[in-house]
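Everything below belongs to structure21.txt, which stores compact mmCIF, C-alpha atoms and all ligand atoms.
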```
# COMPACT_ATOMS: atom_id res chain seq x y z
CA MET A 247 4.38 -0.70 -0.60
CA LYS A 248 7.83 0.20 0.69
CA TRP A 249 7.87 1.13 4.35
CA ARG A 250 10.91 -0.34 6.05
CA ASP A 251 13.74 1.95 7.14
CA ARG A 252 11.61 5.05 7.51
CA ARG A 253 10.92 7.10 10.61
CA GLY A 254 8.37 5.68 13.05
CA SER A 255 5.96 7.96 14.89
CA SER A 256 6.32 8.50 18.62
CA ASN A 257 2.57 9.12 18.85
CA VAL A 258 1.63 5.42 18.81
CA ARG A 259 0.58 3.97 22.12
CA THR A 260 -0.66 0.58 23.18
CA SER A 261 -3.66 0.17 25.42
CA SER A 262 -3.82 -2.37 28.16
CA GLY A 263 -7.45 -2.47 29.14
CA GLY A 264 -7.28 -3.68 32.71
CA GLY A 265 -9.67 -6.35 33.88
CA LYS A 266 -11.83 -3.87 35.67
CA MET A 267 -14.37 -3.16 32.97
CA ILE A 268 -17.55 -2.95 34.98
CA GLY A 269 -20.17 -4.94 33.23
CA GLY A 270 -17.64 -7.09 31.46
CA GLY A 271 -17.05 -10.72 32.21
CA ILE A 272 -19.68 -12.80 33.92
CA GLY A 273 -21.55 -9.81 35.31
CA GLY A 274 -21.84 -8.33 31.87
CA ILE A 275 -23.13 -11.54 30.42
CA ILE A 276 -25.77 -11.73 33.14
CA ILE A 277 -26.82 -8.13 32.57
CA ALA A 278 -26.88 -8.73 28.83
CA GLY A 279 -28.98 -11.85 29.38
CA ILE A 280 -31.48 -9.83 31.33
CA LEU A 281 -31.53 -7.24 28.58
CA TRP A 282 -32.34 -9.96 26.13
CA LEU A 283 -35.19 -11.26 28.23
CA VAL A 284 -36.64 -7.85 28.94
CA PHE A 285 -35.98 -5.91 25.78
CA GLY A 286 -35.26 -8.57 23.18
CA VAL A 287 -31.74 -7.23 22.75
CA ASN A 288 -29.31 -9.85 21.54
CA PRO A 289 -26.69 -9.98 24.31
CA MET A 290 -23.86 -10.60 21.87
CA THR A 291 -24.78 -7.47 19.98
CA ALA A 292 -24.98 -5.50 23.18
CA LEU A 293 -21.61 -6.79 24.28
CA GLN A 294 -20.01 -6.07 20.99
CA THR A 295 -21.25 -2.54 20.77
CA GLY A 296 -20.45 -1.88 24.40
CA GLN A 297 -23.89 -0.46 24.97
CA ALA A 298 -25.64 -0.82 28.28
CA VAL A 299 -23.13 -3.27 29.66
CA THR A 300 -20.23 -0.93 30.16
CA ALA A 301 -21.79 1.46 32.60
CA GLY A 302 -19.48 2.83 35.25
CA SER A 303 -15.81 3.47 35.07
CA SER A 304 -13.33 1.34 33.28
CA THR A 305 -9.61 1.44 33.59
CA THR A 306 -7.65 1.61 30.43
CA THR A 307 -4.08 2.70 30.53
CA THR A 308 -2.02 3.56 27.52
CA GLU A 309 1.71 3.65 27.22
CA PRO A 310 4.14 4.31 24.40
CA ALA A 311 4.26 1.35 22.06
CA THR A 312 7.52 -0.46 22.64
CA SER A 313 6.69 -3.60 20.72
CA ASN A 314 8.84 -4.21 17.70
CA ASP A 315 6.49 -6.59 15.99
CA ARG A 316 5.79 -6.06 12.34
CA ASP A 317 2.32 -4.57 12.70
CA THR A 318 3.37 -2.05 15.36
CA GLN A 319 6.36 -0.96 13.33
CA PHE A 320 4.20 -0.65 10.24
CA VAL A 321 1.63 1.51 12.03
CA LYS A 322 4.39 3.76 13.39
CA VAL A 323 5.84 4.31 9.94
CA VAL A 324 2.46 4.99 8.29
CA LEU A 325 1.45 7.42 11.04
CA ALA A 326 4.83 9.17 10.72
CA ASP A 327 4.24 9.40 6.96
CA THR A 328 0.88 11.08 7.60
CA GLU A 329 2.53 13.46 10.09
CA ASP A 330 5.19 14.51 7.59
CA VAL A 331 2.69 15.01 4.78
CA TRP A 332 0.05 16.87 6.78
CA ASN A 333 2.64 19.02 8.58
CA GLN A 334 3.76 20.07 5.12
CA VAL A 335 0.24 20.65 3.74
CA PHE A 336 -0.84 22.70 6.77
CA SER A 337 2.42 24.65 6.71
CA GLU A 338 1.89 25.52 3.04
CA GLY A 339 -1.51 26.91 4.02
CA GLY A 340 0.03 28.99 6.79
CA GLN A 341 -1.42 26.73 9.48
CA THR A 342 -0.01 24.39 12.08
CA TYR A 343 -0.81 20.70 12.06
CA LYS A 344 -1.44 19.14 15.44
CA GLU A 345 -0.45 15.49 15.26
CA PRO A 346 -3.03 12.93 16.42
CA SER A 347 -2.35 10.03 18.74
CA LEU A 348 -2.91 6.44 17.68
CA VAL A 349 -3.84 3.76 20.17
CA LEU A 350 -3.37 0.10 19.34
CA PHE A 351 -5.70 -1.99 21.44
CA ASN A 352 -6.57 -5.59 21.86
CA GLY A 353 -10.16 -6.62 22.55
CA GLN A 354 -11.57 -3.57 24.26
CA VAL A 355 -10.67 0.06 24.76
CA SER A 356 -12.21 3.12 26.31
CA SER A 357 -11.99 6.39 24.41
CA ALA A 358 -13.36 9.87 25.01
CA CYS A 359 -16.08 8.83 22.52
CA GLY A 360 -17.10 5.81 24.55
CA SER A 361 -15.91 2.25 24.84
CA ALA A 362 -15.20 0.13 21.82
CA THR A 363 -14.34 -3.44 20.97
CA SER A 364 -12.62 -5.16 18.07
CA ALA A 365 -16.05 -5.36 16.43
CA THR A 366 -16.11 -1.57 16.21
CA GLY A 367 -13.38 -1.47 13.60
CA PRO A 368 -10.80 1.28 13.21
CA PHE A 369 -12.16 4.66 14.28
CA TYR A 370 -11.16 8.21 15.09
CA CYS A 371 -12.41 10.02 18.18
CA PRO A 372 -12.49 13.81 17.73
CA SER A 373 -12.75 14.46 21.49
CA ASP A 374 -9.33 13.02 22.26
CA GLN A 375 -7.96 13.45 18.72
CA THR A 376 -6.93 9.82 18.64
CA VAL A 377 -7.13 7.04 16.05
CA TYR A 378 -8.05 3.65 17.56
CA LEU A 379 -6.92 0.47 15.87
CA ASP A 380 -7.54 -3.04 17.07
CA THR A 381 -4.60 -5.37 16.54
CA SER A 382 -6.87 -7.97 14.91
CA PHE A 383 -7.59 -5.40 12.20
CA PHE A 384 -4.57 -6.45 10.14
CA ALA A 385 -5.39 -10.12 10.19
CA GLU A 386 -8.99 -9.36 9.27
CA MET A 387 -7.96 -7.15 6.40
CA ARG A 388 -5.64 -9.80 5.00
CA GLN A 389 -8.47 -12.28 5.25
CA ASN A 390 -11.17 -10.01 3.86
CA LEU A 391 -9.04 -8.86 0.99
CA GLY A 392 -7.78 -12.32 0.23
CA ILE A 393 -4.28 -11.28 1.17
CA THR A 394 -2.02 -13.77 2.81
CA GLY A 395 0.51 -11.75 4.75
CA ASP A 396 4.05 -10.78 4.04
CA GLN A 397 4.80 -13.84 1.92
CA GLN A 398 7.98 -14.26 3.88
CA GLY A 399 9.96 -17.24 2.82
CA SER A 400 7.75 -17.83 -0.15
CA GLY A 401 10.60 -17.01 -2.44
CA ASP A 402 8.29 -14.87 -4.48
CA ILE A 403 10.20 -11.62 -4.75
CA GLU A 404 7.38 -9.96 -6.69
CA ASN A 405 5.02 -10.31 -3.79
CA GLN A 406 7.36 -9.36 -1.00
CA GLY A 407 6.54 -6.10 0.65
CA ARG A 408 3.08 -5.90 -0.91
CA ALA A 409 0.69 -8.22 0.79
CA GLY A 410 -1.96 -5.65 1.55
CA ASP A 411 0.33 -3.12 3.17
CA PHE A 412 -1.01 -0.25 1.16
CA ALA A 413 -4.63 -1.18 1.77
CA GLN A 414 -3.88 -1.06 5.49
CA ALA A 415 -2.10 2.25 5.11
CA TYR A 416 -5.13 3.57 3.24
CA VAL A 417 -7.42 2.72 6.15
CA ILE A 418 -5.08 4.41 8.64
CA SER A 419 -4.80 7.50 6.46
CA HIS A 420 -8.60 7.60 6.09
CA GLU A 421 -8.90 7.79 9.89
CA VAL A 422 -6.20 10.48 9.95
CA GLY A 423 -8.38 12.22 7.34
CA HIS A 424 -11.06 12.49 10.01
CA HIS A 425 -8.45 14.11 12.25
CA VAL A 426 -7.67 16.64 9.52
CA GLN A 427 -11.42 17.36 9.24
CA THR A 428 -11.48 17.99 12.98
CA LEU A 429 -8.53 20.38 12.84
CA LEU A 430 -10.19 22.22 9.95
CA GLY A 431 -13.46 22.56 11.90
CA ILE A 432 -15.35 20.45 9.35
CA THR A 433 -16.29 17.76 11.85
CA GLN A 434 -17.78 20.33 14.18
CA GLN A 435 -19.77 21.95 11.37
CA VAL A 436 -21.12 18.59 10.27
CA ASN A 437 -22.11 17.73 13.83
CA GLN A 438 -23.88 21.02 14.28
CA ALA A 439 -25.68 20.79 10.95
CA SER A 440 -26.65 17.19 11.64
CA ARG A 441 -28.55 18.21 14.74
CA GLN A 442 -30.77 20.55 12.74
CA VAL A 443 -31.82 18.30 9.89
CA THR A 444 -33.70 15.06 9.38
CA GLN A 445 -32.04 11.72 10.02
CA ALA A 446 -31.84 11.06 6.30
CA GLN A 447 -30.10 14.38 5.73
CA ALA A 448 -27.75 13.73 8.64
CA ASN A 449 -26.84 10.41 7.05
CA LYS A 450 -26.11 12.18 3.79
CA LEU A 451 -23.83 14.61 5.61
CA SER A 452 -22.05 11.67 7.18
CA VAL A 453 -21.51 10.14 3.74
CA LEU A 454 -20.04 13.41 2.47
CA GLN A 455 -17.76 13.51 5.50
CA GLU A 456 -16.61 9.93 4.89
CA LEU A 457 -15.99 10.53 1.20
CA GLN A 458 -13.90 13.57 2.06
CA ALA A 459 -11.78 11.41 4.40
CA ASP A 460 -11.27 9.02 1.47
CA CYS A 461 -10.22 11.96 -0.70
CA PHE A 462 -7.80 13.14 2.01
CA ALA A 463 -6.36 9.60 2.10
CA GLY A 464 -5.76 9.95 -1.64
CA VAL A 465 -4.10 13.34 -1.15
CA TRP A 466 -1.83 11.77 1.43
CA ALA A 467 -0.86 8.94 -0.92
CA ASN A 468 -0.02 11.45 -3.67
CA ARG A 469 2.09 13.65 -1.41
CA ASN A 470 3.81 10.72 0.26
CA GLN A 471 4.71 9.31 -3.14
CA GLN A 472 6.33 12.61 -4.09
CA ARG A 473 8.20 12.58 -0.78
CA VAL A 474 9.47 9.00 -0.47
CA GLN A 475 8.36 7.06 -3.59
CA PHE A 476 6.75 4.36 -1.49
CA LEU A 477 4.27 2.94 -3.98
CA GLU A 478 4.86 -0.32 -5.80
CA PRO A 479 3.02 -1.84 -8.77
CA GLY A 480 -0.42 -3.00 -7.71
CA ASP A 481 -0.66 -0.76 -4.66
CA ILE A 482 -3.28 1.57 -6.09
CA ASP A 483 -5.45 -1.34 -7.21
CA GLU A 484 -5.06 -2.70 -3.72
CA ALA A 485 -6.32 0.51 -2.12
CA ILE A 486 -9.19 0.78 -4.57
CA ASN A 487 -10.07 -2.79 -3.80
CA ALA A 488 -10.02 -1.91 -0.11
CA ALA A 489 -12.06 1.24 -0.67
CA SER A 490 -14.68 -0.76 -2.47
CA GLN A 491 -14.80 -3.51 0.13
CA ILE A 492 -14.43 -1.67 3.39
CA GLY A 493 -17.49 0.50 3.62
CA ASP A 494 -17.63 0.01 7.24
CA ASP A 495 -15.33 1.91 9.51
CA ARG A 496 -17.14 3.09 12.57
CA LEU A 497 -17.30 6.75 13.33
CA ALA A 498 -18.01 8.24 16.69
CA ARG A 499 -19.43 11.62 15.91
CA ASN A 500 -20.33 12.97 19.28
CA SER A 501 -18.17 12.95 22.32
CA GLY A 502 -19.54 11.28 25.38
CA ARG A 503 -21.54 8.78 23.41
CA ALA A 504 -20.79 5.17 22.81
CA VAL A 505 -19.13 4.38 19.53
CA THR A 506 -22.06 3.33 17.41
CA PRO A 507 -21.90 1.10 14.38
CA ASP A 508 -22.85 3.19 11.44
CA SER A 509 -22.54 0.99 8.43
CA PHE A 510 -25.01 2.77 6.20
CA THR A 511 -23.35 6.16 6.23
CA HIS A 512 -20.12 5.67 4.32
CA GLY A 513 -21.18 6.04 0.73
CA THR A 514 -21.29 3.51 -2.05
CA SER A 515 -18.20 1.61 -3.13
CA GLN A 516 -18.08 3.57 -6.36
CA GLN A 517 -18.30 6.90 -4.53
CA ARG A 518 -15.47 5.88 -2.22
CA VAL A 519 -13.27 4.80 -5.12
CA ASN A 520 -14.03 8.01 -7.03
CA TRP A 521 -13.15 10.33 -4.18
CA PHE A 522 -10.02 8.43 -3.19
CA THR A 523 -8.89 8.58 -6.82
CA ARG A 524 -9.62 12.28 -7.05
CA GLY A 525 -7.37 13.04 -4.06
CA LEU A 526 -4.73 10.64 -5.33
CA GLU A 527 -4.55 12.28 -8.72
CA SER A 528 -4.60 15.88 -7.52
CA GLY A 529 -2.65 15.76 -4.26
CA ASP A 530 -4.66 18.85 -3.41
CA VAL A 531 -7.14 19.14 -0.53
CA GLN A 532 -9.05 21.77 -2.50
CA THR A 533 -10.32 19.01 -4.78
CA CYS A 534 -11.87 17.25 -1.78
CA ASP A 535 -14.88 19.51 -1.31
CA THR A 536 -17.51 16.81 -1.14
CA PHE A 537 -19.92 19.19 0.56
CA SER A 538 -20.34 21.83 -2.12
CA GLY A 539 -23.20 19.93 -3.76
CA GLY A 540 -25.15 20.42 -0.56
CA LEU A 541 -27.87 18.11 0.65
ZN ZN A 601 -14.46 7.14 8.23
```
Full structure transcribed into structure tokens:
Amino acid sequence: MKWRDRRGSSNVRTSSGGGKMIGGGIGGIIIAGILWLVFGVNPMTALQTGQAVTAGSSTTTTEPATSNDRDTQFVKVVLADTEDVWNQVFSEGGQTYKEPSLVLFNGQVSSACGSATSATGPFYCPSDQTVYLDTSFFAEMRQNLGITGDQQGSGDIENQGRAGDFAQAYVISHEVGHHVQTLLGITQQVNQASRQVTQAQANKLSVLQELQADCFAGVWANRNQQRVQFLEPGDIDEAINAASQIGDDRLARNSGRAVTPDSFTHGTSQQRVNWFTRGLESGDVQTCDTFSGGL
């Protein structure tokens, strides 16, 4: 994927989670230990999910990302690409696109949807219209996808510039897809409907919502290709590989609640691949109506 020498977004911020997380550190471990004794809750799980041990206020400050490292630059360019595409798509529909923020964090972060850790994975919080991305996400993706980085100095021209870039961009654009759903009122409708149906039906709705975000990611890739010809041979396979392997982004549906791992509500690998491909081939959000089949 080609991405150098394009505009970077000014909506990327970095989070410095101060050391004042109440319940973190030794105190948190003690509380978690008690939880384990009393309730049988594995303290590591509790710590990772930020449940129970993060009561009280935490201080997390964000500031514009000034780092020039490769990953930060990459995120800025991909987010800018989503801004340009979605501004255009909304404008064509006579609407105005409100650009989301993106927070890069390291270790722990507090969002309007609750606190999250690296274990949460990339997520979008509708309440503050922000995508959250842990910096370890890139390394994990390279590892999980068997991708070894930028191949710098390898002398292998064929591989330079690929190295999983597009798979990472796909994940970011999937999260931005959730932002688009929020702007379109889809997220709110799903939340409302989910409260009135059984858990199984609510899970199904969540799957349909996730698959639509995959489709929107495909639409973005199509439109961005028309705009800047950024795709290189192998990129689509790379994204499809990612779509089939990463069934596991974590979605915080309701504001004010902790970000809850939700691994069983993202659809099957094949469904994810199908919907991403549909958006990619059409470049049209109208083809992304995953909900019309109903429950
Ligand atoms: Zn998602």
Tell me, as a ChimeraX atom specification, which residues lie within 7 Å of stretch 247-262 of chain A, counting only C-alpha atoms; anything in the same chain fewer than 3 positions away does not count.
-> /A:306-311,319,322-323,325-326,347-351,407-408,411-412,476-478,481
Between A:Ala446, A:Met387, A:Ala488, A:Val453, which is the closest to ligand ZN 601 (chain A) once you count only C-alpha atoms and all ligand atoms?
-> A:Val453
Of A:Ala467, A:Leu526, A:Ala459, A:Cys534, the one sitting nearest ligand ZN 601 (chain A) when using all atoms listed in the file is A:Ala459
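Taking atom CA of A:Leu429 as the reference point, atom CA of A:Val531 is found at 13.5 Å.
Rounded to one decimal, atom CA of A:Val422 and atom CA of A:Tyr378 lie 10.4 Å from each other.
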Among listed residues A:Cys359, A:Val465, A:Leu454, A:Val436, nearest ligand ZN 601 (chain A) (using all atoms listed in the file) |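 Looking only at the distances to ligand ZN 601 (chain A), the closest residue turns out to be A:Leu454.
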Mind pulling up the distance from atom CA of A:Val426 to atom CA of A:Gly480?
-> 27.1 Å
Closest of A:Val474, A:Val335, A:Cys461, A:Ala439 to A:Val417 - atom-to-atom distances counting all atoms listed in the file =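 Going through A:Val474, A:Val335, A:Cys461, A:Ala439 one by one, the smallest distance to A:Val417 is for A:Cys461.
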Near-A:Asn520 list (10 Å; only C-alpha atoms; drop same-chain fewer than 3 positions) as a PyMOL selection string | chain A and resi 457+460-461+486+489-490+514-517+523-526
Closest of A:Thr381, A:Gln438, A:Ser419, A:Gln471 to ligand ZN 601 (chain A) - atom-to-atom distances counting all atoms listed in the file = A:Ser419
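Nearest residue to ligand ZN 601 (chain A), choosing from A:Glu386, A:Asp330, A:Glu421, A:Glu338 and counting all atoms listed in the file: A:Glu421.
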